[in-house]
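Comments concern the structure below.
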Amino acid sequence: MTDQKVIELLKSGNQQEKNQAVIYIQQKFFPMYRSIIRKRGAHDPEKALLHESLVVLYQKVRQQKFILTGRLTSFLYSVCDRITLTYLRENGKEVKKENMEEITEEVLRKHYQFDNLPEINSLISIDDQSFLSYESIRQEIQRLGSPCQDILFAYYFHQVRIKEIADELGYASENSAKQAKFKCLERLKKQMNALIQ
Amino acid sequence: MITEENKTEIIDQYLAGSLSAELRHEVEERLKTDSEFKRDVAIQQKVIQTIQRMGRESFRKELAELSLGVELPEAGNMPMMNRRPLYYAAAAVALLMVAGLFWLLNKRPPTETYRGYVAVIEIEHSRGSSDVPDSIPITIFKEDDYDFHYQWGDTLMLYGNFAPEDLSVTYENETYFLQIKNRLYPILKDHTIHLLSP
């Protein structure tokens, strides 16, 4: 399978095709991953660092502006090495999959221009920040239900264009899907504001 | 220029790094002086970051499940792709999907022409009502006996020759309106078939 084909499958939005690409990459990249783990002296029984490299790859590939300039395995090698080094700096040599999110966020922000704006936390009070914890926002998002959740995940996580979201989720038009996304986001913001006040 | 109407969209583009230089400057100036706007931006950023984090968590679970069935190559070997079982699985899934689609198509009434959603647009002074849904499921039927009629229960059912791209629903003064091109028709959620009339 060519690199371009793998990227197409990851971008396709079809679960079967995405799985096919993920299995292929895991198998192809595994010897490289193992050499990084040995070189850095880590012990990763659950292959958490391999999986985390695929999480970063997926987030990058889904970005509309992503362009692969070299080989896919070379890109993945540098992702995996950065994740491994960041993990080892913060934790011990024994890798645990529970500690991965902060590592990935740091690597995405520092090395892959992801969510690269200044942290806006400093602009709001400490009291307000406590209401904006991951857990409280997650609960509000889960309360939204379908199709709101589907739209927001498609747009902000899978980075699908509004036109494709309208087609995939069966909205009558692109404008209708755009309005729905706007309303779902507004509703969430209103709920978060209510929590703060 | 940032208005109450376009604020969320502009913040969205600002956070995605895709705002024009002029608007970006306006956002950054307002962040310095308007504390309510600052909080609005912070909340929107937190919400988007949370969605992305939840997405990553879900993807990690998928990876862990997928890995259970993956045969990984030994060091120094060429990557092994056990393609045949994957193709068999893909073929089985495709067959199931075709069978499912066939079942679904046959289950639907024969005259159904569209099934999907329309977003509900709230007119500015009506905003804030928490009972207004974000989207309404709609189904269109080509029906000669009840041409240009509707029935709204769980789903808004439209009978007639409607084009989905011409439709939208607005909510104003506690009334829902179906907008077809530029004409508004008030609609009632009472499970009864009505003629659409302006």
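We label chains A, B, ... in the order they appear in the structure tokens, count residues from 1 in each chain, and number ligands from 1 in the order shown.
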Which region 4-75 of chain A residues have any atom within 12 Å of an atom of region 12-23 of chain B, and for each, what is the nearest pair of atoms with distance in Å to one decimal, counting only C-alpha atoms, rows sorted by chain and number, as JSON lines?
{"residue": "A:Gln63", "atom": "CA", "partner": "B:Ala16", "partner_atom": "CA", "distance": 10.4}
{"residue": "A:Gln64", "atom": "CA", "partner": "B:Ala16", "partner_atom": "CA", "distance": 11.1}
{"residue": "A:Lys65", "atom": "CA", "partner": "B:Ser18", "partner_atom": "CA", "distance": 10.9}
Q.
I'd like the neighbourhood of region 156-165 of chain B as a ChimeraX atom specification, where a residue qualifies if any of its atoms comes within 7 Å (using only C-alpha atoms), though same-chain residues fewer than 3 positions away should be ignored.
A. /A:172-173 /B:137-143,146-153
Q. Between CA of Ile43 (chain B) and CA of Tyr156 (chain A), what is the spacing in Å?
A. 14.8 Å
(Q) Within 8 Å of chain B, which residues belong to chain A? Use only C-alpha atoms and report them as a VMD selection string. (A) chain A and resid 16 19 22 to 24 26 to 28 30 to 31 34 51 to 52 55 101 115 117 120 to 121 123 to 124 132 134 137 to 138 141 147 to 148 152 to 153 156 to 157 169 to 173 176 to 177 179 to 180 182 to 186 188 to 189 192 to 193
For the residues in that selection, give me N, CA and C atoms as a compact mmCIF listing (two decimals), in the first residue's frame.
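Printed below is again_16.txt as written:
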# COMPACT_ATOMS: atom_id res chain seq x y z
N GLN A 16 -14.28 1.07 8.38
CA GLN A 16 -13.57 -0.12 7.88
C GLN A 16 -12.25 0.28 7.22
N ASN A 19 -9.76 1.42 9.85
CA ASN A 19 -9.19 0.25 10.54
C ASN A 19 -8.14 -0.43 9.68
N VAL A 22 -5.00 1.61 9.82
CA VAL A 22 -4.36 1.55 11.14
C VAL A 22 -3.63 0.21 11.32
N ILE A 23 -4.26 -0.88 10.93
CA ILE A 23 -3.62 -2.21 11.05
C ILE A 23 -2.36 -2.26 10.17
N TYR A 24 -2.48 -1.74 8.96
CA TYR A 24 -1.35 -1.75 8.04
C TYR A 24 -0.16 -0.95 8.61
N GLN A 26 0.43 -0.12 11.75
CA GLN A 26 0.99 -0.77 12.95
C GLN A 26 1.99 -1.85 12.56
N GLN A 27 1.62 -2.65 11.58
CA GLN A 27 2.50 -3.76 11.18
C GLN A 27 3.77 -3.25 10.51
N LYS A 28 3.58 -2.25 9.66
CA LYS A 28 4.73 -1.74 8.92
C LYS A 28 5.70 -1.00 9.83
N PHE A 30 5.99 -1.29 13.17
CA PHE A 30 6.35 -1.96 14.43
C PHE A 30 7.86 -2.15 14.65
N PRO A 31 8.64 -2.62 13.65
CA PRO A 31 10.09 -2.78 13.89
C PRO A 31 10.78 -1.46 14.26
N ARG A 34 9.92 -0.58 17.83
CA ARG A 34 10.68 -1.39 18.78
C ARG A 34 12.13 -0.89 18.90
N HIS A 51 0.70 3.21 20.09
CA HIS A 51 -0.68 3.68 19.90
C HIS A 51 -0.74 5.20 19.92
N GLU A 52 0.03 5.80 20.84
CA GLU A 52 -0.02 7.25 20.96
C GLU A 52 0.54 7.92 19.70
N VAL A 55 -2.19 8.04 17.36
CA VAL A 55 -3.17 9.08 17.71
C VAL A 55 -2.71 10.42 17.14
N GLU A 101 -2.37 11.22 27.80
CA GLU A 101 -3.03 12.40 27.22
C GLU A 101 -2.18 13.67 27.33
N ASP A 115 -3.25 23.52 17.81
CA ASP A 115 -3.81 24.34 18.88
C ASP A 115 -2.72 25.28 19.41
N LEU A 117 -2.36 28.48 19.72
CA LEU A 117 -2.63 29.83 20.21
C LEU A 117 -2.23 29.96 21.68
N ILE A 120 -5.47 30.56 26.89
CA ILE A 120 -6.37 31.63 27.29
C ILE A 120 -6.77 31.50 28.76
N ASN A 121 -6.35 30.42 29.38
CA ASN A 121 -6.62 30.24 30.81
C ASN A 121 -6.23 31.46 31.62
N LEU A 123 -6.45 34.37 30.97
CA LEU A 123 -7.34 35.51 30.81
C LEU A 123 -8.59 35.41 31.67
N ILE A 124 -8.81 34.25 32.27
CA ILE A 124 -10.00 34.14 33.12
C ILE A 124 -9.57 33.77 34.54
N LEU A 132 -14.45 25.01 34.52
CA LEU A 132 -14.19 24.60 33.14
C LEU A 132 -13.23 23.41 33.12
N TYR A 134 -11.96 19.53 32.58
CA TYR A 134 -12.25 18.55 31.52
C TYR A 134 -13.51 17.77 31.85
N ILE A 137 -16.87 19.76 31.44
CA ILE A 137 -17.24 20.01 30.04
C ILE A 137 -17.63 18.69 29.36
N ARG A 138 -16.89 17.62 29.69
CA ARG A 138 -17.20 16.31 29.11
C ARG A 138 -18.64 15.89 29.44
N ILE A 141 -21.03 17.82 27.29
CA ILE A 141 -21.01 17.34 25.90
C ILE A 141 -21.81 16.04 25.80
N PRO A 147 -28.14 14.53 17.25
CA PRO A 147 -26.98 14.56 16.36
C PRO A 147 -25.93 15.62 16.74
N CYS A 148 -26.19 16.39 17.84
CA CYS A 148 -25.25 17.45 18.21
C CYS A 148 -23.83 16.91 18.41
N LEU A 152 -20.32 17.87 16.30
CA LEU A 152 -19.16 18.50 16.95
C LEU A 152 -17.92 17.62 16.84
N PHE A 153 -18.09 16.29 17.00
CA PHE A 153 -16.93 15.39 16.88
C PHE A 153 -16.44 15.35 15.43
N TYR A 156 -14.75 19.02 14.91
CA TYR A 156 -13.57 19.43 15.70
C TYR A 156 -12.55 18.32 15.91
N PHE A 157 -12.97 17.06 15.93
CA PHE A 157 -11.97 16.00 16.10
C PHE A 157 -11.56 15.40 14.75
N LEU A 169 -24.35 13.10 7.67
CA LEU A 169 -25.36 13.04 8.74
C LEU A 169 -26.77 13.31 8.22
N GLY A 170 -26.87 13.55 6.92
CA GLY A 170 -28.19 13.69 6.32
C GLY A 170 -28.85 15.03 6.56
N TYR A 171 -28.05 16.11 6.66
CA TYR A 171 -28.66 17.43 6.77
C TYR A 171 -29.16 17.89 5.40
N ALA A 172 -30.23 18.67 5.44
CA ALA A 172 -30.88 19.06 4.18
C ALA A 172 -29.95 19.90 3.31
N SER A 173 -29.06 20.65 3.91
CA SER A 173 -28.13 21.47 3.13
C SER A 173 -26.90 21.76 3.96
N SER A 176 -27.74 24.24 6.60
CA SER A 176 -28.48 23.66 7.72
C SER A 176 -27.51 23.00 8.71
N ALA A 177 -26.52 22.28 8.19
CA ALA A 177 -25.53 21.63 9.06
C ALA A 177 -24.69 22.69 9.79
N GLN A 179 -25.65 25.74 10.59
CA GLN A 179 -26.51 26.33 11.63
C GLN A 179 -26.61 25.39 12.84
N ALA A 180 -26.73 24.08 12.55
CA ALA A 180 -26.86 23.10 13.63
C ALA A 180 -25.58 23.09 14.47
N PHE A 182 -23.43 25.48 14.84
CA PHE A 182 -23.39 26.75 15.57
C PHE A 182 -24.28 26.67 16.81
N LYS A 183 -25.49 26.12 16.64
CA LYS A 183 -26.42 26.05 17.76
C LYS A 183 -25.93 25.11 18.86
N CYS A 184 -25.33 23.99 18.45
CA CYS A 184 -24.82 23.03 19.44
C CYS A 184 -23.71 23.68 20.27
N LEU A 185 -22.83 24.39 19.59
CA LEU A 185 -21.71 25.05 20.27
C LEU A 185 -22.23 26.16 21.19
N GLU A 186 -23.20 26.92 20.68
CA GLU A 186 -23.81 27.98 21.50
C GLU A 186 -24.44 27.40 22.76
N LEU A 188 -23.67 24.63 24.32
CA LEU A 188 -22.61 24.23 25.26
C LEU A 188 -22.03 25.43 25.99
N LYS A 189 -21.78 26.50 25.24
CA LYS A 189 -21.20 27.69 25.85
C LYS A 189 -22.14 28.28 26.89
N MET A 192 -21.95 26.20 29.97
CA MET A 192 -20.70 26.44 30.71
C MET A 192 -20.77 27.79 31.44
N ASN A 193 -21.34 28.79 30.76
CA ASN A 193 -21.51 30.11 31.39
C ASN A 193 -22.39 30.02 32.62
Q: Tell me, as an MDAnalysis selection string, which residues lie within 6 Å of region 91-94 of chain A, counting only C-alpha atoms; anything in the same chain fewer than 3 positions away does not count.
A: chainID A and resid 42:43 87:88
Writing out the chosen residues with C-alpha atoms as a PDB file, in the first residue's frame:
ATOM      1  CA  ALA A  42      11.721   2.085  27.841  1.00  0.00           C
ATOM      2  CA  HIS A  43       9.542  -0.876  28.764  1.00  0.00           C
ATOM      3  CA  TYR A  87       7.139  10.456  28.281  1.00  0.00           C
ATOM      4  CA  LEU A  88      10.494   9.387  29.731  1.00  0.00           C
TER       5      LEU A  88
END
Q.
Between A:Gln15, A:Gln20, A:Gln139, A:Gln4, which residue has the minimum interatomic distance to Leu68 (chain A), considering only C-alpha atoms?
A.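 Distance minimum relative to Leu68 (chain A) lands on A:Gln4.
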Q | CA of Ile187 (chain B) to CA of Thr175 (chain B), distance in Å rounded to a single decimal | A | 7.5 Å
Q: Fewer than 4 positions away in the same chain doesn't count, so skip those; otherwise give me all residues within 9 Å of Asp44 (chain A), counting only C-alpha atoms, as JSON, numbers by chain.
A: {"A": [37, 48, 49, 50, 93, 94, 95, 96, 97]}
Residues from last step as file, N, CA and C atoms, as a compact mmCIF listing (two decimals), in the first residue's frame:
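The result, stored in again-v6.txt:
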# COMPACT_ATOMS: atom_id res chain seq x y z
N ILE A 37 12.09 2.11 21.21
CA ILE A 37 11.89 1.71 22.61
C ILE A 37 13.20 1.17 23.20
N ALA A 48 1.75 1.28 24.40
CA ALA A 48 1.06 2.57 24.54
C ALA A 48 1.73 3.66 23.71
N LEU A 49 3.06 3.60 23.61
CA LEU A 49 3.78 4.64 22.83
C LEU A 49 3.52 4.46 21.34
N LEU A 50 3.38 3.22 20.91
CA LEU A 50 3.03 2.95 19.50
C LEU A 50 1.63 3.51 19.21
N LYS A 93 10.76 4.63 33.34
CA LYS A 93 10.99 3.83 32.12
C LYS A 93 9.83 2.87 31.85
N GLU A 94 9.08 2.58 32.92
CA GLU A 94 7.93 1.66 32.78
C GLU A 94 6.75 2.48 32.23
N VAL A 95 6.33 2.14 31.02
CA VAL A 95 5.30 2.96 30.38
C VAL A 95 3.90 2.48 30.77
N LYS A 96 3.07 3.45 31.17
CA LYS A 96 1.68 3.13 31.53
C LYS A 96 0.76 3.92 30.62
N LYS A 97 -0.24 3.25 30.08
CA LYS A 97 -1.07 3.94 29.09
C LYS A 97 -1.96 5.03 29.71
Q) Between B:Asp34, B:Thr170, B:Asp144, B:Thr155, which one has atoms that come closest to Asp190 (chain B), using only C-alpha atoms? A)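 Among the listed residues, the smallest separation from Asp190 (chain B) belongs to B:Thr155.
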Would you mind listing what lies within 12 Å of Leu57 (chain A) as a PDB file with N, CA and C atoms, in the first residue's frame, with only C-alpha atoms counted and same-chain residues fewer than 5 positions away left out?
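Once everything was written out, this is around_3.pdb:
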ATOM      1  N   VAL A   6      -2.616   5.092   2.216  1.00  0.00           N
ATOM      2  CA  VAL A   6      -2.847   5.002   3.666  1.00  0.00           C
ATOM      3  C   VAL A   6      -3.501   6.296   4.162  1.00  0.00           C
ATOM      4  N   ILE A   7      -2.984   7.429   3.693  1.00  0.00           N
ATOM      5  CA  ILE A   7      -3.527   8.725   4.126  1.00  0.00           C
ATOM      6  C   ILE A   7      -4.976   8.876   3.643  1.00  0.00           C
ATOM      7  N   LEU A  10      -7.177   6.874   5.894  1.00  0.00           N
ATOM      8  CA  LEU A  10      -7.355   7.522   7.208  1.00  0.00           C
ATOM      9  C   LEU A  10      -8.295   8.718   7.120  1.00  0.00           C
ATOM     10  N   LYS A  11      -8.309   9.357   5.940  1.00  0.00           N
ATOM     11  CA  LYS A  11      -9.136  10.550   5.766  1.00  0.00           C
ATOM     12  C   LYS A  11     -10.546  10.220   5.303  1.00  0.00           C
ATOM     13  N   ALA A  21      -6.256   0.892   7.402  1.00  0.00           N
ATOM     14  CA  ALA A  21      -5.036   1.709   7.384  1.00  0.00           C
ATOM     15  C   ALA A  21      -4.272   1.578   8.703  1.00  0.00           C
ATOM     16  N   VAL A  22      -5.004   1.606   9.816  1.00  0.00           N
ATOM     17  CA  VAL A  22      -4.363   1.545  11.139  1.00  0.00           C
ATOM     18  C   VAL A  22      -3.631   0.207  11.318  1.00  0.00           C
ATOM     19  N   ILE A  25      -0.474   0.251   9.125  1.00  0.00           N
ATOM     20  CA  ILE A  25       0.619   1.100   9.661  1.00  0.00           C
ATOM     21  C   ILE A  25       1.265   0.425  10.871  1.00  0.00           C
ATOM     22  N   GLN A  26       0.434  -0.119  11.749  1.00  0.00           N
ATOM     23  CA  GLN A  26       0.993  -0.767  12.953  1.00  0.00           C
ATOM     24  C   GLN A  26       1.988  -1.848  12.561  1.00  0.00           C
ATOM     25  N   LEU A  50       3.376   3.220  20.907  1.00  0.00           N
ATOM     26  CA  LEU A  50       3.027   2.955  19.496  1.00  0.00           C
ATOM     27  C   LEU A  50       1.633   3.513  19.212  1.00  0.00           C
ATOM     28  N   HIS A  51       0.698   3.205  20.093  1.00  0.00           N
ATOM     29  CA  HIS A  51      -0.678   3.683  19.896  1.00  0.00           C
ATOM     30  C   HIS A  51      -0.740   5.201  19.920  1.00  0.00           C
ATOM     31  N   GLU A  52       0.026   5.795  20.837  1.00  0.00           N
ATOM     32  CA  GLU A  52      -0.020   7.248  20.961  1.00  0.00           C
ATOM     33  C   GLU A  52       0.542   7.922  19.700  1.00  0.00           C
ATOM     34  N   ARG A  62      -5.765  14.323   9.646  1.00  0.00           N
ATOM     35  CA  ARG A  62      -7.119  14.832   9.441  1.00  0.00           C
ATOM     36  C   ARG A  62      -7.143  16.351   9.263  1.00  0.00           C
ATOM     37  N   GLN A  63      -6.050  17.030   9.604  1.00  0.00           N
ATOM     38  CA  GLN A  63      -6.015  18.479   9.395  1.00  0.00           C
ATOM     39  C   GLN A  63      -6.014  18.768   7.902  1.00  0.00           C
ATOM     40  N   PHE A  66      -2.667  19.350   6.141  1.00  0.00           N
ATOM     41  CA  PHE A  66      -1.570  18.381   6.273  1.00  0.00           C
ATOM     42  C   PHE A  66      -1.011  17.974   4.906  1.00  0.00           C
ATOM     43  N   ILE A  67       0.302  18.089   4.768  1.00  0.00           N
ATOM     44  CA  ILE A  67       0.965  17.623   3.543  1.00  0.00           C
ATOM     45  C   ILE A  67       2.142  16.762   3.981  1.00  0.00           C
ATOM     46  N   LEU A  68       2.198  15.545   3.463  1.00  0.00           N
ATOM     47  CA  LEU A  68       3.304  14.649   3.799  1.00  0.00           C
ATOM     48  C   LEU A  68       4.470  14.962   2.870  1.00  0.00           C
ATOM     49  N   LEU A  72       5.955   8.191   5.040  1.00  0.00           N
ATOM     50  CA  LEU A  72       5.050   8.119   6.190  1.00  0.00           C
ATOM     51  C   LEU A  72       5.751   7.511   7.414  1.00  0.00           C
ATOM     52  N   THR A  73       6.553   6.465   7.185  1.00  0.00           N
ATOM     53  CA  THR A  73       7.233   5.826   8.324  1.00  0.00           C
ATOM     54  C   THR A  73       8.279   6.766   8.946  1.00  0.00           C
ATOM     55  N   SER A  74       8.880   7.625   8.117  1.00  0.00           N
ATOM     56  CA  SER A  74       9.851   8.595   8.664  1.00  0.00           C
ATOM     57  C   SER A  74       9.127   9.599   9.553  1.00  0.00           C
ATOM     58  N   PHE A  75       7.958  10.045   9.079  1.00  0.00           N
ATOM     59  CA  PHE A  75       7.155  10.983   9.877  1.00  0.00           C
ATOM     60  C   PHE A  75       6.771  10.333  11.211  1.00  0.00           C
ATOM     61  N   LEU A  76       6.315   9.085  11.111  1.00  0.00           N
ATOM     62  CA  LEU A  76       5.883   8.369  12.307  1.00  0.00           C
ATOM     63  C   LEU A  76       7.063   8.116  13.254  1.00  0.00           C
ATOM     64  N   TYR A  77       8.244   7.883  12.684  1.00  0.00           N
ATOM     65  CA  TYR A  77       9.441   7.666  13.499  1.00  0.00           C
ATOM     66  C   TYR A  77       9.697   8.895  14.367  1.00  0.00           C
ATOM     67  N   SER A  78       9.605  10.079  13.732  1.00  0.00           N
ATOM     68  CA  SER A  78       9.900  11.286  14.510  1.00  0.00           C
ATOM     69  C   SER A  78       8.803  11.537  15.556  1.00  0.00           C
ATOM     70  N   VAL A  79       7.552  11.217  15.216  1.00  0.00           N
ATOM     71  CA  VAL A  79       6.453  11.368  16.192  1.00  0.00           C
ATOM     72  C   VAL A  79       6.702  10.457  17.391  1.00  0.00           C
ATOM     73  N   CYS A  80       6.999   9.193  17.104  1.00  0.00           N
ATOM     74  CA  CYS A  80       7.154   8.190  18.156  1.00  0.00           C
ATOM     75  C   CYS A  80       8.356   8.531  19.053  1.00  0.00           C
ATOM     76  N   ILE A  83       7.368  11.431  21.302  1.00  0.00           N
ATOM     77  CA  ILE A  83       6.445  10.972  22.358  1.00  0.00           C
ATOM     78  C   ILE A  83       7.229  10.191  23.420  1.00  0.00           C
ATOM     79  N   THR A 104       0.707  13.617  24.860  1.00  0.00           N
ATOM     80  CA  THR A 104       0.281  13.858  23.481  1.00  0.00           C
ATOM     81  C   THR A 104      -0.067  15.319  23.252  1.00  0.00           C
ATOM     82  N   VAL A 107       3.158  17.217  22.937  1.00  0.00           N
ATOM     83  CA  VAL A 107       3.864  16.953  21.667  1.00  0.00           C
ATOM     84  C   VAL A 107       3.135  17.625  20.503  1.00  0.00           C
ATOM     85  N   LEU A 108       1.804  17.515  20.492  1.00  0.00           N
ATOM     86  CA  LEU A 108       1.030  18.145  19.408  1.00  0.00           C
ATOM     87  C   LEU A 108       1.246  19.650  19.396  1.00  0.00           C
ATOM     88  N   TYR A 112       3.937  20.084  16.495  1.00  0.00           N
ATOM     89  CA  TYR A 112       3.098  19.904  15.301  1.00  0.00           C
ATOM     90  C   TYR A 112       2.083  21.033  15.108  1.00  0.00           C
ATOM     91  N   PHE A 114      -0.250  22.307  16.637  1.00  0.00           N
ATOM     92  CA  PHE A 114      -1.640  21.958  16.866  1.00  0.00           C
ATOM     93  C   PHE A 114      -2.138  22.788  18.045  1.00  0.00           C
TER      94      PHE A 114
ATOM     95  N   ARG B  56      -9.725  11.710  21.069  1.00  0.00           N
ATOM     96  CA  ARG B  56      -8.482  10.926  21.182  1.00  0.00           C
ATOM     97  C   ARG B  56      -8.696   9.725  22.101  1.00  0.00           C
ATOM     98  N   PHE B  59     -10.421   7.141  20.183  1.00  0.00           N
ATOM     99  CA  PHE B  59      -9.523   6.545  19.193  1.00  0.00           C
ATOM    100  C   PHE B  59      -8.545   5.572  19.863  1.00  0.00           C
TER     101      PHE B  59
END
Q) Using only C-alpha atoms, which residue out of A:Thr86, A:Ile103, A:Asp3, A:Ser133 lies closest to Thr69 (chain A)? A) A:Asp3
Q: Using CA of Lys47 (chain A) and CA of Gln159 (chain A) as the two end points, give the distance in Å to one decimal.
A: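 Interatomic distance here is 26.4 Å.
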Q: Could you tell me, as a count of residues only, which residues of region 31-111 of chain A DSSP assigns to alpha helix (DSSP H) when given the backbone?
A: 56
